[in-house]
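Worksheet: the structure to be examined is printed underneath.
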Amino acid sequence: METQWIEEYKAAEEKAQSSLPFEEREIFVKYSDRDDVFLPKYESKVTSIDYENPDEEQVKITRFSEAMEIPAVIKKFKDKDKIQAFINSKLTSGIIITIKDDSEIKEPIKINSRPSENCAYKILVHAGKNSKASLIIDESSEKNIYFGQNTDIVTEENSDITLLSVQNFAGVTAKNYNISSAGNIEIIELLTSEGETRERIWMELLEHSEIKIKQSVIGNKDSYFDIETEINHAAKNTKSNVAYKAALADSSKSIYKGVILQGNTAYNSYAYLSESSLILSKDAKSISVPSLEIGHNELKAYHSASTEPINKNAVFYLMSRGLENNSAKMLITNGFLSQIFSEDTFGYEIINDKIMKKLNSMEF
Amino acid sequence: MEKIEFDYSKYDFKNSTSKYKIIFNEGLSENVIKAISKLKAEPEWMRDFRLQAYKFFLKRPVPKWGADLSKIKFEDMVYFARATDNKAKSWDELPEDIRDTYNKLGIPEAEKKSLSGVEVMYESEVVYNSVKKELEALGVIFCDTDTAVREHPELVKKYFGKVISPNDNKFAALNSAVWSGGSFIYVPKGVKVPMPLQAYFRINAANMGQFERTLIIADEGADLTYIEGCTAPVYSKDALHAAVVEVIAHKNAHVKYITVQNWSSDVYNLVTKRAFAYENAFVEWVDANMGSKVTEKYPSVYLMERGAKSNVLSVALANKGQHQDTGTKAVHLAPDTSSVIRSKSICLNGGRTTYRGLVKVKKGATDIKSSTKCDALIFDNKSRTDTYPYMEIDEEESSISHEASVGKINDEQLFYLESRGLSENEAVNMIVLGFIAEFVQELPIEFAVEFNRLIKINMEGSVG
């Protein structure tokens, strides 16, 4: 795929790494570790990304190798941390999705990836004015590989984008989102990896924009999740609603760091951040830091967090109705997760199917 | 009943420091520490403790995660000053200028009301100390920590520096090296102290670091309430206040520690406060931060044994130029322990408040209950409020919850009150006082009156 701009871009990113921190925010440094895992020395191999374009007239999908010059979306963002630059410097492939102004794409755009070797790729999305579209990104691998992905999204005024991402990796996953939105955007994400996962979402909300994030992790065995979300209310009349749920079994660990930034331009903005963890085993561990940084008074901001064990009375009740211990706990966990993935959630069947598969494979 | 006036003009006095008998030159070195220790005629173990702590102080970095502390010049501080050589036993014996200062602050009134023995801190040492006979009869020891080192060495040696090690953080290390004054309280087994014990602290000399060291020991089944109120005259140079407060609550004991911090707006208030709560003990921190330029204070409770409880209630107000970086730590080390944290903060005129709290549950500490609630009121778009609640949970059998909200004064409430004939200012005051009512209820009546006035003074000019 090596066209000239890619070569130059990768070289620049390689250089940029040295001046970037491993963790961007001072207050989270204490809770960001495993540098060696997420910044390994390795060779990335070319892997194919499969996609389905439901509407070739309104949506243009190009591979990096076909692009003659550096896409505009890339130039919009600066790297926030070392890992982002690291992944960019190792890029093996990438796709550019451009959704035209005033278009309405009924069927979802699908992206599938089943890498079998170390890889790093980039997804760029540009949604035009008044556009409406949905994306389903399904990524998994049973091999012990390093999977790096940077997704950059720019949405224009009055656009409406829904992004569903499901991922399940046995190895290491490092994923970053850079989003700048002037429209409505919803991110639904289910992470069920048994390996180590680090994810960052950097969100910039422009005037009259709104974001909803529903994130859920299911951890078993030694899975490790280091998830950080930063919502920057950069302009007035912005709204954000972030929900994170972690169900943690065996010796899994979840570190959740959420930041809501409402600076002195965030007039009339509204933010809600909630985090809750369900601890299913005595070796599971949960760390959460849902923070708020507020610099304006004409706004509302809330957050809540909770960590709880599975309700023994509920297990007892279900068992008295004839369920086995394992299935009783499975049912309760499913109920816990369905608080954010209700039946009217976009892609509910896919999520529910993945949740059930995962829960069935687990021992409680 | 005479009222305690709370008028800021009374802080605009400045006593001459030329009358001080001993003032050390600015700066810190091993020799200064040895000299302090010699002057106090301390035992060798205390001198060694100080010197060891000084080494930790040099090694430890200035914390960077919080407020900007880079402007603190440790080498420009005066580390020890003594106002009078001999301590006065009664009010009349105090030198006139010191008495004058306290009169302006209303100390005699507080005493007249016979709330308790007033231990007054002026400069680095306690100069006025009137412990009621009643306390002595109960076997309660209430004196300044320097006296305690001399008169109760066995108790001090057993507990001093055990809750907060000198290597805990840079400012605890500094305090351990140069500490002077502070309160020492020991309540024997089963004794319930009938009145709140109080101490007033004052900083007077410019550039004067104040490093009091408070140690409170509540033996099995003991019960006490301690109140500390801080005021300071306004100076142009930055002063540093790095206190260390250690509380030990033995089995079934109850300790309530109330602070009203109102240092002048040029003080760096970097305080380490920690309590150990043993079996079924109950520790309460009630903490108000109104003054100072920068406050970094996180009263914490280590729940060491089964059934221990903690309750932390705090209020922070940041006006122009102030940064109140406060919070709480609840560390659950044993099963069946519980913690409740309530935090209220108000920021206006460009002030900044930060809540930084930690709830930690260690492995093996089962059946934990912990709840945190933080509310922030923000008045304008120059001010800033941040909330960083850290939760580290290593144990399955624990229920932890956290909630926070940030917002401005409710317009509808304001409109309603104004429609009932209140001016905007009165209405704002009423809403703000309602916002912190939960806290004010915990204060003794004199403090509550004083505190409400303090809030009103701060709110002036916040609307319109």
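Ordered as shown in the structure tokens, chains take letters A, B, and onward, while each chain numbers its residues from 1 and ligands are numbered from 1 in the order shown.
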Need to verify the contact set: stretch 409-421 of chain B, 10 Å, only C-alpha atoms, exclusion of same-chain residues closer than 5 positions in sequence. Can you return it as number ranges by chain? A: 297-298; B: 377-379, 426-428, 430-432, 435
Residues of the last selection are to be written out with N, CA and C atoms, as an mmCIF file, in the first residue's frame.
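And here is the file that came out, result17.cif:
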data_model
loop_
_atom_site.group_PDB
_atom_site.id
_atom_site.type_symbol
_atom_site.label_atom_id
_atom_site.label_comp_id
_atom_site.auth_asym_id
_atom_site.auth_seq_id
_atom_site.Cartn_x
_atom_site.Cartn_y
_atom_site.Cartn_z
ATOM 1 N N ASN A 297 -20.700 28.225 34.820
ATOM 2 C CA ASN A 297 -21.827 27.955 35.717
ATOM 3 C C ASN A 297 -23.139 27.691 35.000
ATOM 4 N N GLU A 298 -23.243 28.090 33.748
ATOM 5 C CA GLU A 298 -24.505 27.879 33.032
ATOM 6 C C GLU A 298 -24.526 26.490 32.416
ATOM 7 N N LEU B 377 -21.173 23.933 43.667
ATOM 8 C CA LEU B 377 -21.950 25.072 43.221
ATOM 9 C C LEU B 377 -20.962 26.013 42.542
ATOM 10 N N ILE B 378 -21.257 26.385 41.315
ATOM 11 C CA ILE B 378 -20.320 27.244 40.590
ATOM 12 C C ILE B 378 -21.059 28.518 40.185
ATOM 13 N N PHE B 379 -20.441 29.663 40.463
ATOM 14 C CA PHE B 379 -21.152 30.925 40.311
ATOM 15 C C PHE B 379 -20.932 31.634 38.981
ATOM 16 N N GLU B 426 -29.977 38.413 49.406
ATOM 17 C CA GLU B 426 -30.519 37.624 50.518
ATOM 18 C C GLU B 426 -30.927 36.230 50.052
ATOM 19 N N ALA B 427 -31.519 36.205 48.876
ATOM 20 C CA ALA B 427 -31.982 34.927 48.339
ATOM 21 C C ALA B 427 -30.790 34.002 48.070
ATOM 22 N N VAL B 428 -29.737 34.585 47.469
ATOM 23 C CA VAL B 428 -28.527 33.782 47.194
ATOM 24 C C VAL B 428 -27.955 33.261 48.501
ATOM 25 N N MET B 430 -29.440 32.701 51.260
ATOM 26 C CA MET B 430 -30.302 31.678 51.839
ATOM 27 C C MET B 430 -30.088 30.328 51.144
ATOM 28 N N ILE B 431 -29.980 30.371 49.826
ATOM 29 C CA ILE B 431 -29.793 29.116 49.088
ATOM 30 C C ILE B 431 -28.428 28.499 49.406
ATOM 31 N N VAL B 432 -27.415 29.363 49.473
ATOM 32 C CA VAL B 432 -26.075 28.851 49.765
ATOM 33 C C VAL B 432 -26.032 28.259 51.174
ATOM 34 N N PHE B 435 -27.535 25.011 51.094
ATOM 35 C CA PHE B 435 -26.655 24.054 50.417
ATOM 36 C C PHE B 435 -25.660 23.419 51.388
#
Chain B near chain A within 9 Å: what's each residue's closest atom pair and its distance in Å to one decimal, counting only C-alpha atoms, ordered by chain then ascending residue number, as a Markdown table?
| residue | atom | partner | partner_atom | distance |
| --- | --- | --- | --- | --- |
| B:Lys64 | CA | A:Glu26 | CA | 8.3 |
| B:Trp65 | CA | A:Ile27 | CA | 6.0 |
| B:Gly66 | CA | A:Ile27 | CA | 8.4 |
| B:Arg352 | CA | A:Gly295 | CA | 8.8 |
| B:Thr354 | CA | A:Glu293 | CA | 8.6 |
| B:Lys363 | CA | A:Lys282 | CA | 8.2 |
| B:Gly364 | CA | A:Lys282 | CA | 8.8 |
| B:Ser371 | CA | A:Ser306 | CA | 8.8 |
| B:Lys373 | CA | A:Ser304 | CA | 8.9 |
| B:Leu377 | CA | A:Asn297 | CA | 8.0 |
| B:Ile378 | CA | A:Asn297 | CA | 5.2 |
| B:Phe379 | CA | A:Asn297 | CA | 5.5 |
| B:Asp380 | CA | A:Asn297 | CA | 5.0 |
| B:Asn381 | CA | A:His296 | CA | 3.8 |
| B:Lys382 | CA | A:Gly295 | CA | 6.5 |
| B:Ser383 | CA | A:Gly295 | CA | 5.6 |
| B:Arg384 | CA | A:Gly295 | CA | 4.1 |
| B:Thr385 | CA | A:Ile294 | CA | 4.9 |
| B:Asp386 | CA | A:Glu293 | CA | 4.1 |
| B:Thr387 | CA | A:Leu292 | CA | 4.8 |
| B:Tyr388 | CA | A:Ser291 | CA | 4.5 |
| B:Pro389 | CA | A:Val289 | CA | 5.4 |
| B:Tyr390 | CA | A:Val289 | CA | 4.6 |
| B:Met391 | CA | A:Ser288 | CA | 5.1 |
| B:Glu392 | CA | A:Ile287 | CA | 4.4 |
| B:Ile393 | CA | A:Ser286 | CA | 5.2 |
| B:Asp394 | CA | A:Lys285 | CA | 4.9 |
| B:Glu395 | CA | A:Lys282 | CA | 5.7 |
| B:Glu396 | CA | A:Lys282 | CA | 4.8 |
| B:Glu397 | CA | A:Pro309 | CA | 5.4 |
| B:Ser398 | CA | A:Glu308 | CA | 5.8 |
| B:Ser399 | CA | A:Glu308 | CA | 4.5 |
| B:Ile400 | CA | A:Thr307 | CA | 4.9 |
| B:Ser401 | CA | A:Ser306 | CA | 4.0 |
| B:His402 | CA | A:Ala305 | CA | 4.7 |
| B:Glu403 | CA | A:Ser304 | CA | 4.1 |
| B:Ala404 | CA | A:His303 | CA | 5.2 |
| B:Ser405 | CA | A:Tyr302 | CA | 4.2 |
| B:Val406 | CA | A:Ala301 | CA | 5.0 |
| B:Gly407 | CA | A:Lys300 | CA | 5.0 |
| B:Lys408 | CA | A:Asn297 | CA | 5.2 |
| B:Ile409 | CA | A:Asn297 | CA | 8.6 |
Every residue of stretch 337-441 of chain B that DSSP places in strand (DSSP E or B), as a ChimeraX atom specification: /B:338-347,352-361,368-378,384-393,398-407
Would you save the residues from that selection as an mmCIF file, in the first residue's frame, using C-alpha atoms?
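The new file result.cif reads:
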data_model
loop_
_atom_site.group_PDB
_atom_site.id
_atom_site.type_symbol
_atom_site.label_atom_id
_atom_site.label_comp_id
_atom_site.auth_asym_id
_atom_site.auth_seq_id
_atom_site.Cartn_x
_atom_site.Cartn_y
_atom_site.Cartn_z
ATOM 1 C CA SER B 338 -18.145 1.452 56.420
ATOM 2 C CA SER B 339 -17.442 4.966 55.256
ATOM 3 C CA VAL B 340 -19.618 7.919 54.350
ATOM 4 C CA ILE B 341 -18.214 10.938 52.535
ATOM 5 C CA ARG B 342 -20.135 14.143 51.902
ATOM 6 C CA SER B 343 -18.462 17.035 50.175
ATOM 7 C CA LYS B 344 -19.881 20.437 49.323
ATOM 8 C CA SER B 345 -17.943 23.033 47.424
ATOM 9 C CA ILE B 346 -18.634 26.531 46.249
ATOM 10 C CA CYS B 347 -16.527 28.545 43.840
ATOM 11 C CA ARG B 352 -11.152 27.034 42.077
ATOM 12 C CA THR B 353 -12.295 23.975 44.003
ATOM 13 C CA THR B 354 -11.135 20.423 43.495
ATOM 14 C CA TYR B 355 -12.471 17.302 45.101
ATOM 15 C CA ARG B 356 -9.899 14.527 45.123
ATOM 16 C CA GLY B 357 -10.958 11.478 47.036
ATOM 17 C CA LEU B 358 -9.983 7.864 47.337
ATOM 18 C CA VAL B 359 -12.006 4.885 48.429
ATOM 19 C CA LYS B 360 -9.811 1.846 48.676
ATOM 20 C CA VAL B 361 -10.882 -1.659 49.582
ATOM 21 C CA ILE B 368 -17.794 -3.068 52.954
ATOM 22 C CA LYS B 369 -20.213 -0.254 52.521
ATOM 23 C CA SER B 370 -19.022 3.062 51.232
ATOM 24 C CA SER B 371 -20.897 5.984 49.839
ATOM 25 C CA THR B 372 -19.581 9.278 48.504
ATOM 26 C CA LYS B 373 -21.542 12.306 47.460
ATOM 27 C CA CYS B 374 -20.007 15.484 46.113
ATOM 28 C CA ASP B 375 -21.947 18.577 45.211
ATOM 29 C CA ALA B 376 -20.453 21.668 43.703
ATOM 30 C CA LEU B 377 -21.950 25.072 43.221
ATOM 31 C CA ILE B 378 -20.320 27.244 40.590
ATOM 32 C CA ARG B 384 -13.593 26.206 38.053
ATOM 33 C CA THR B 385 -14.574 23.040 39.859
ATOM 34 C CA ASP B 386 -13.066 19.602 39.351
ATOM 35 C CA THR B 387 -14.021 16.251 40.788
ATOM 36 C CA TYR B 388 -11.617 13.316 40.857
ATOM 37 C CA PRO B 389 -12.981 10.418 42.852
ATOM 38 C CA TYR B 390 -10.651 7.441 42.796
ATOM 39 C CA MET B 391 -12.046 4.026 43.608
ATOM 40 C CA GLU B 392 -9.744 1.057 43.974
ATOM 41 C CA ILE B 393 -11.635 -2.070 44.794
ATOM 42 C CA SER B 398 -18.170 -4.646 48.844
ATOM 43 C CA SER B 399 -20.729 -2.056 47.844
ATOM 44 C CA ILE B 400 -19.256 1.228 46.801
ATOM 45 C CA SER B 401 -21.148 4.126 45.377
ATOM 46 C CA HIS B 402 -20.257 7.588 44.278
ATOM 47 C CA GLU B 403 -22.343 10.495 43.067
ATOM 48 C CA ALA B 404 -21.475 14.011 42.094
ATOM 49 C CA SER B 405 -23.244 16.968 40.674
ATOM 50 C CA VAL B 406 -22.147 20.379 39.506
ATOM 51 C CA GLY B 407 -24.415 23.270 38.776
#
Using only C-alpha atoms, which residues of stretch 10-69 of chain A come within 10 Å of stretch 166-174 of chain A, and what is the closest atom pair for each, with the distance in Å to one decimal? Give it as a Markdown table, sorted by chain and residue number.
| residue | atom | partner | partner_atom | distance |
| --- | --- | --- | --- | --- |
| A:Val37 | CA | A:Val172 | CA | 7.3 |
| A:Phe38 | CA | A:Ala174 | CA | 6.7 |
| A:Leu39 | CA | A:Ala174 | CA | 9.3 |
| A:Pro40 | CA | A:Val172 | CA | 10.0 |
Could those residues be written to a file, using N, CA and C atoms, as a PDB file, in the first residue's frame?
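Heads up, here's the output in selection_19.pdb:
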ATOM      1  N   VAL A  37       3.738  -3.789  27.311  1.00  0.00           N
ATOM      2  CA  VAL A  37       2.717  -4.566  26.599  1.00  0.00           C
ATOM      3  C   VAL A  37       2.145  -3.766  25.433  1.00  0.00           C
ATOM      4  N   PHE A  38       1.868  -2.488  25.703  1.00  0.00           N
ATOM      5  CA  PHE A  38       1.198  -1.705  24.669  1.00  0.00           C
ATOM      6  C   PHE A  38       2.177  -1.021  23.697  1.00  0.00           C
ATOM      7  N   LEU A  39       3.430  -0.992  24.072  1.00  0.00           N
ATOM      8  CA  LEU A  39       4.441  -0.438  23.158  1.00  0.00           C
ATOM      9  C   LEU A  39       5.512  -1.497  22.880  1.00  0.00           C
ATOM     10  N   PRO A  40       5.140  -2.583  22.247  1.00  0.00           N
ATOM     11  CA  PRO A  40       6.125  -3.657  22.060  1.00  0.00           C
ATOM     12  C   PRO A  40       7.024  -3.385  20.848  1.00  0.00           C
TER      13      PRO A  40
END
Find the spatial neighbours of A:Thr192, counting only C-alpha atoms, within a cut-off of 9 Å - ignore same-chain residues fewer than 2 positions away - and output them as a PyMOL selection string. chain A and resi 166-169+190+194-195+216-220+223+354-355+358
Name the closest residue to B:Glu284 among the candidates B:Val187, B:Ile164, B:Ala249, B:Ile436; distances are taken between atoms, counting only C-alpha atoms.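 Residue with the minimum atom-to-atom distance to B:Glu284: B:Ala249.
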Hey, what's within 12 Å of B:Lys71 if we count only C-alpha atoms and toss same-chain stuff fewer than 5 positions away? As a list of chain:residue names, please?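 Near neighbours after the sequence-gap exclusion: B:Val62, B:Asp76, B:Lys237, B:Asp238, B:Ala239, B:Leu240, B:Asp266, B:Val267, B:Tyr268, B:Lys293, B:Val294.
The interatomic distance for the pair atom CA of B:Ser265 and atom CA of B:Cys143 works out to 29.2 Å.
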May I have the residues within 8 Å of stretch 87-102 of chain A as an mmCIF file with N, CA and C atoms, in the first residue's frame, using only C-alpha atoms and disregarding those fewer than 2 positions away in the same chain?
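Output (result_17.cif):
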data_model
loop_
_atom_site.group_PDB
_atom_site.id
_atom_site.type_symbol
_atom_site.label_atom_id
_atom_site.label_comp_id
_atom_site.auth_asym_id
_atom_site.auth_seq_id
_atom_site.Cartn_x
_atom_site.Cartn_y
_atom_site.Cartn_z
ATOM 1 N N MET A 1 0.821 -1.209 0.000
ATOM 2 C CA MET A 1 0.000 0.000 0.000
ATOM 3 C C MET A 1 0.859 1.264 0.000
ATOM 4 N N TYR A 9 4.085 10.040 6.342
ATOM 5 C CA TYR A 9 3.259 10.136 7.544
ATOM 6 C C TYR A 9 3.801 9.208 8.637
ATOM 7 N N LYS A 10 4.114 7.980 8.226
ATOM 8 C CA LYS A 10 4.617 7.010 9.206
ATOM 9 C C LYS A 10 5.950 7.447 9.813
ATOM 10 N N ALA A 11 6.786 8.002 8.968
ATOM 11 C CA ALA A 11 8.092 8.466 9.453
ATOM 12 C C ALA A 11 7.924 9.607 10.449
ATOM 13 N N ALA A 12 6.979 10.520 10.134
ATOM 14 C CA ALA A 12 6.738 11.662 11.028
ATOM 15 C C ALA A 12 6.198 11.187 12.371
ATOM 16 N N GLU A 13 5.305 10.185 12.307
ATOM 17 C CA GLU A 13 4.705 9.656 13.540
ATOM 18 C C GLU A 13 5.753 8.935 14.391
ATOM 19 N N GLU A 14 6.653 8.249 13.702
ATOM 20 C CA GLU A 14 7.738 7.547 14.391
ATOM 21 C C GLU A 14 8.551 8.542 15.228
ATOM 22 N N GLU A 43 7.016 -6.367 14.380
ATOM 23 C CA GLU A 43 6.805 -6.072 12.965
ATOM 24 C C GLU A 43 5.331 -6.222 12.683
ATOM 25 N N SER A 44 4.713 -5.205 12.091
ATOM 26 C CA SER A 44 3.306 -5.394 11.744
ATOM 27 C C SER A 44 3.196 -5.930 10.334
ATOM 28 N N LYS A 45 2.226 -6.804 10.145
ATOM 29 C CA LYS A 45 2.022 -7.431 8.836
ATOM 30 C C LYS A 45 0.748 -6.866 8.217
ATOM 31 N N VAL A 46 0.732 -6.904 6.927
ATOM 32 C CA VAL A 46 -0.461 -6.404 6.242
ATOM 33 C C VAL A 46 -1.617 -7.361 6.481
ATOM 34 N N THR A 47 -2.719 -6.832 6.938
ATOM 35 C CA THR A 47 -3.916 -7.662 7.073
ATOM 36 C C THR A 47 -5.033 -6.979 6.330
ATOM 37 N N SER A 48 -5.921 -7.757 5.853
ATOM 38 C CA SER A 48 -6.989 -7.146 5.073
ATOM 39 C C SER A 48 -8.145 -6.745 5.971
ATOM 40 N N ILE A 49 -8.745 -5.638 5.614
ATOM 41 C CA ILE A 49 -9.971 -5.239 6.281
ATOM 42 C C ILE A 49 -11.080 -5.444 5.262
ATOM 43 N N GLN A 58 -23.901 7.125 -2.149
ATOM 44 C CA GLN A 58 -23.811 8.119 -1.080
ATOM 45 C C GLN A 58 -22.551 7.964 -0.232
ATOM 46 N N VAL A 59 -22.015 6.738 -0.214
ATOM 47 C CA VAL A 59 -20.859 6.488 0.637
ATOM 48 C C VAL A 59 -19.666 6.099 -0.214
ATOM 49 N N LYS A 60 -18.563 6.721 0.073
ATOM 50 C CA LYS A 60 -17.354 6.372 -0.674
ATOM 51 C C LYS A 60 -16.376 5.742 0.314
ATOM 52 N N ILE A 61 -15.949 4.534 0.001
ATOM 53 C CA ILE A 61 -14.949 3.901 0.866
ATOM 54 C C ILE A 61 -13.693 3.632 0.045
ATOM 55 N N THR A 62 -12.590 4.187 0.493
ATOM 56 C CA THR A 62 -11.327 3.968 -0.229
ATOM 57 C C THR A 62 -10.280 3.406 0.719
ATOM 58 N N ARG A 63 -9.434 2.592 0.159
ATOM 59 C CA ARG A 63 -8.302 2.112 0.962
ATOM 60 C C ARG A 63 -7.172 3.126 0.895
ATOM 61 N N PHE A 64 -6.316 3.104 1.906
ATOM 62 C CA PHE A 64 -5.191 4.042 1.919
ATOM 63 C C PHE A 64 -4.339 3.907 0.659
ATOM 64 N N SER A 65 -4.178 2.650 0.226
ATOM 65 C CA SER A 65 -3.307 2.422 -0.931
ATOM 66 C C SER A 65 -3.857 3.073 -2.200
ATOM 67 N N PRO A 71 -5.367 12.130 3.559
ATOM 68 C CA PRO A 71 -6.773 12.493 3.764
ATOM 69 C C PRO A 71 -6.912 13.662 4.737
ATOM 70 N N ILE A 83 1.082 5.977 22.397
ATOM 71 C CA ILE A 83 0.526 4.798 21.738
ATOM 72 C C ILE A 83 -0.142 5.149 20.420
ATOM 73 N N GLN A 84 -0.815 6.298 20.416
ATOM 74 C CA GLN A 84 -1.452 6.721 19.182
ATOM 75 C C GLN A 84 -0.407 6.911 18.072
ATOM 76 N N ALA A 85 0.666 7.574 18.411
ATOM 77 C CA ALA A 85 1.731 7.792 17.427
ATOM 78 C C ALA A 85 2.389 6.467 17.031
ATOM 79 N N GLU A 104 -28.957 9.669 3.442
ATOM 80 C CA GLU A 104 -29.470 8.828 4.505
ATOM 81 C C GLU A 104 -29.209 7.380 4.127
ATOM 82 N N CYS A 119 -0.881 -6.326 13.719
ATOM 83 C CA CYS A 119 -1.264 -5.358 12.703
ATOM 84 C C CYS A 119 -1.639 -4.026 13.322
ATOM 85 N N ALA A 120 -1.644 -3.003 12.501
ATOM 86 C CA ALA A 120 -2.038 -1.680 12.956
ATOM 87 C C ALA A 120 -2.791 -1.030 11.820
ATOM 88 N N TYR A 121 -3.990 -0.584 12.083
ATOM 89 C CA TYR A 121 -4.658 0.115 10.988
ATOM 90 C C TYR A 121 -5.495 1.285 11.468
ATOM 91 N N LYS A 122 -5.976 2.013 10.490
ATOM 92 C CA LYS A 122 -6.636 3.280 10.758
ATOM 93 C C LYS A 122 -7.967 3.323 10.014
ATOM 94 N N ILE A 123 -8.983 3.798 10.699
ATOM 95 C CA ILE A 123 -10.267 4.015 10.033
ATOM 96 C C ILE A 123 -10.569 5.501 10.106
ATOM 97 N N LEU A 124 -10.844 6.107 8.959
ATOM 98 C CA LEU A 124 -11.190 7.523 8.937
ATOM 99 C C LEU A 124 -12.636 7.659 8.497
ATOM 100 N N VAL A 125 -13.391 8.428 9.241
ATOM 101 C CA VAL A 125 -14.791 8.615 8.868
ATOM 102 C C VAL A 125 -15.064 10.102 8.757
ATOM 103 N N HIS A 126 -15.659 10.482 7.640
ATOM 104 C CA HIS A 126 -16.117 11.853 7.509
ATOM 105 C C HIS A 126 -17.595 11.843 7.152
ATOM 106 N N ALA A 127 -18.428 12.391 8.060
ATOM 107 C CA ALA A 127 -19.862 12.408 7.786
ATOM 108 C C ALA A 127 -20.278 13.829 7.447
ATOM 109 N N GLY A 128 -20.863 13.989 6.265
ATOM 110 C CA GLY A 128 -21.237 15.321 5.782
ATOM 111 C C GLY A 128 -22.457 15.882 6.480
ATOM 112 N N LYS A 129 -22.789 17.114 6.130
ATOM 113 C CA LYS A 129 -23.942 17.799 6.718
ATOM 114 C C LYS A 129 -25.226 17.031 6.478
ATOM 115 N N ASN A 130 -26.089 17.018 7.480
ATOM 116 C CA ASN A 130 -27.411 16.377 7.397
ATOM 117 C C ASN A 130 -27.356 14.916 6.983
ATOM 118 N N SER A 131 -26.249 14.270 7.173
ATOM 119 C CA SER A 131 -26.184 12.855 6.782
ATOM 120 C C SER A 131 -26.611 11.975 7.950
ATOM 121 N N LYS A 132 -27.022 10.781 7.601
ATOM 122 C CA LYS A 132 -27.439 9.833 8.633
ATOM 123 C C LYS A 132 -26.903 8.465 8.225
ATOM 124 N N ALA A 133 -26.136 7.862 9.098
ATOM 125 C CA ALA A 133 -25.558 6.569 8.743
ATOM 126 C C ALA A 133 -25.207 5.783 9.988
ATOM 127 N N GLY A 148 -3.470 -2.937 16.818
ATOM 128 C CA GLY A 148 -3.526 -1.491 17.073
ATOM 129 C C GLY A 148 -4.478 -0.830 16.103
ATOM 130 N N GLN A 149 -5.311 0.055 16.621
ATOM 131 C CA GLN A 149 -6.229 0.728 15.711
ATOM 132 C C GLN A 149 -6.457 2.168 16.141
ATOM 133 N N ASN A 150 -6.372 3.075 15.197
ATOM 134 C CA ASN A 150 -6.739 4.467 15.447
ATOM 135 C C ASN A 150 -7.926 4.814 14.564
#
Kindly give the distance, in Å, that separates atom CA of B:Lys320 and atom CA of B:Gly351, rounded to a single decimal.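 One can read the atom CA of B:Lys320 to atom CA of B:Gly351 distance as 4.7 Å.
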Using only C-alpha atoms, which residues sit within 12 Å of stretch 314-322 of chain A once same-chain residues fewer than 4 positions away are excluded, as a JSON list (two decimals) with C-alpha atoms, in the first residue's frame?
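around.json written:
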[["chain", "number", "residue", "atom", "x", "y", "z"],
["A", 280, "LEU", "CA", -18.15, -11.64, 40.11],
["A", 309, "PRO", "CA", -20.88, -7.80, 44.21],
["A", 310, "ILE", "CA", -23.54, -10.01, 42.70],
["A", 326, "ASN", "CA", -23.98, -20.76, 37.00],
["A", 327, "SER", "CA", -27.04, -19.93, 34.98],
["A", 328, "ALA", "CA", -28.51, -17.83, 37.78],
["A", 329, "LYS", "CA", -25.37, -15.68, 37.86],
["A", 330, "MET", "CA", -25.32, -15.54, 34.09],
["A", 331, "LEU", "CA", -28.87, -14.25, 34.04],
["A", 332, "ILE", "CA", -28.11, -11.58, 36.62],
["A", 333, "THR", "CA", -24.99, -10.47, 34.76],
["A", 335, "GLY", "CA", -29.54, -8.16, 33.31],
["A", 364, "PHE", "CA", -18.95, -18.16, 37.60]]
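Checking A:Lys76, A:Lys110, A:Lys15, A:Lys239 one by one against A:Asn184, counting only C-alpha atoms, you find the shortest gap at A:Lys239.
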How far is it from atom CA of A:Ser209 to atom CA of A:Ala182, in Å with one decimal? 4.8 Å
For each of A:Lys106, A:Ser141, A:Asn176, A:Ile74, take the minimum atom-to-atom distance to A:Val154, counting only C-alpha atoms, then give the residue where this is smallest.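 Closest candidate: A:Ile74.
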Which of these, B:Thr214, B:Val286, B:Lys456, B:Asn311, has the shortest distance to B:Leu433 once you count only C-alpha atoms? B:Lys456
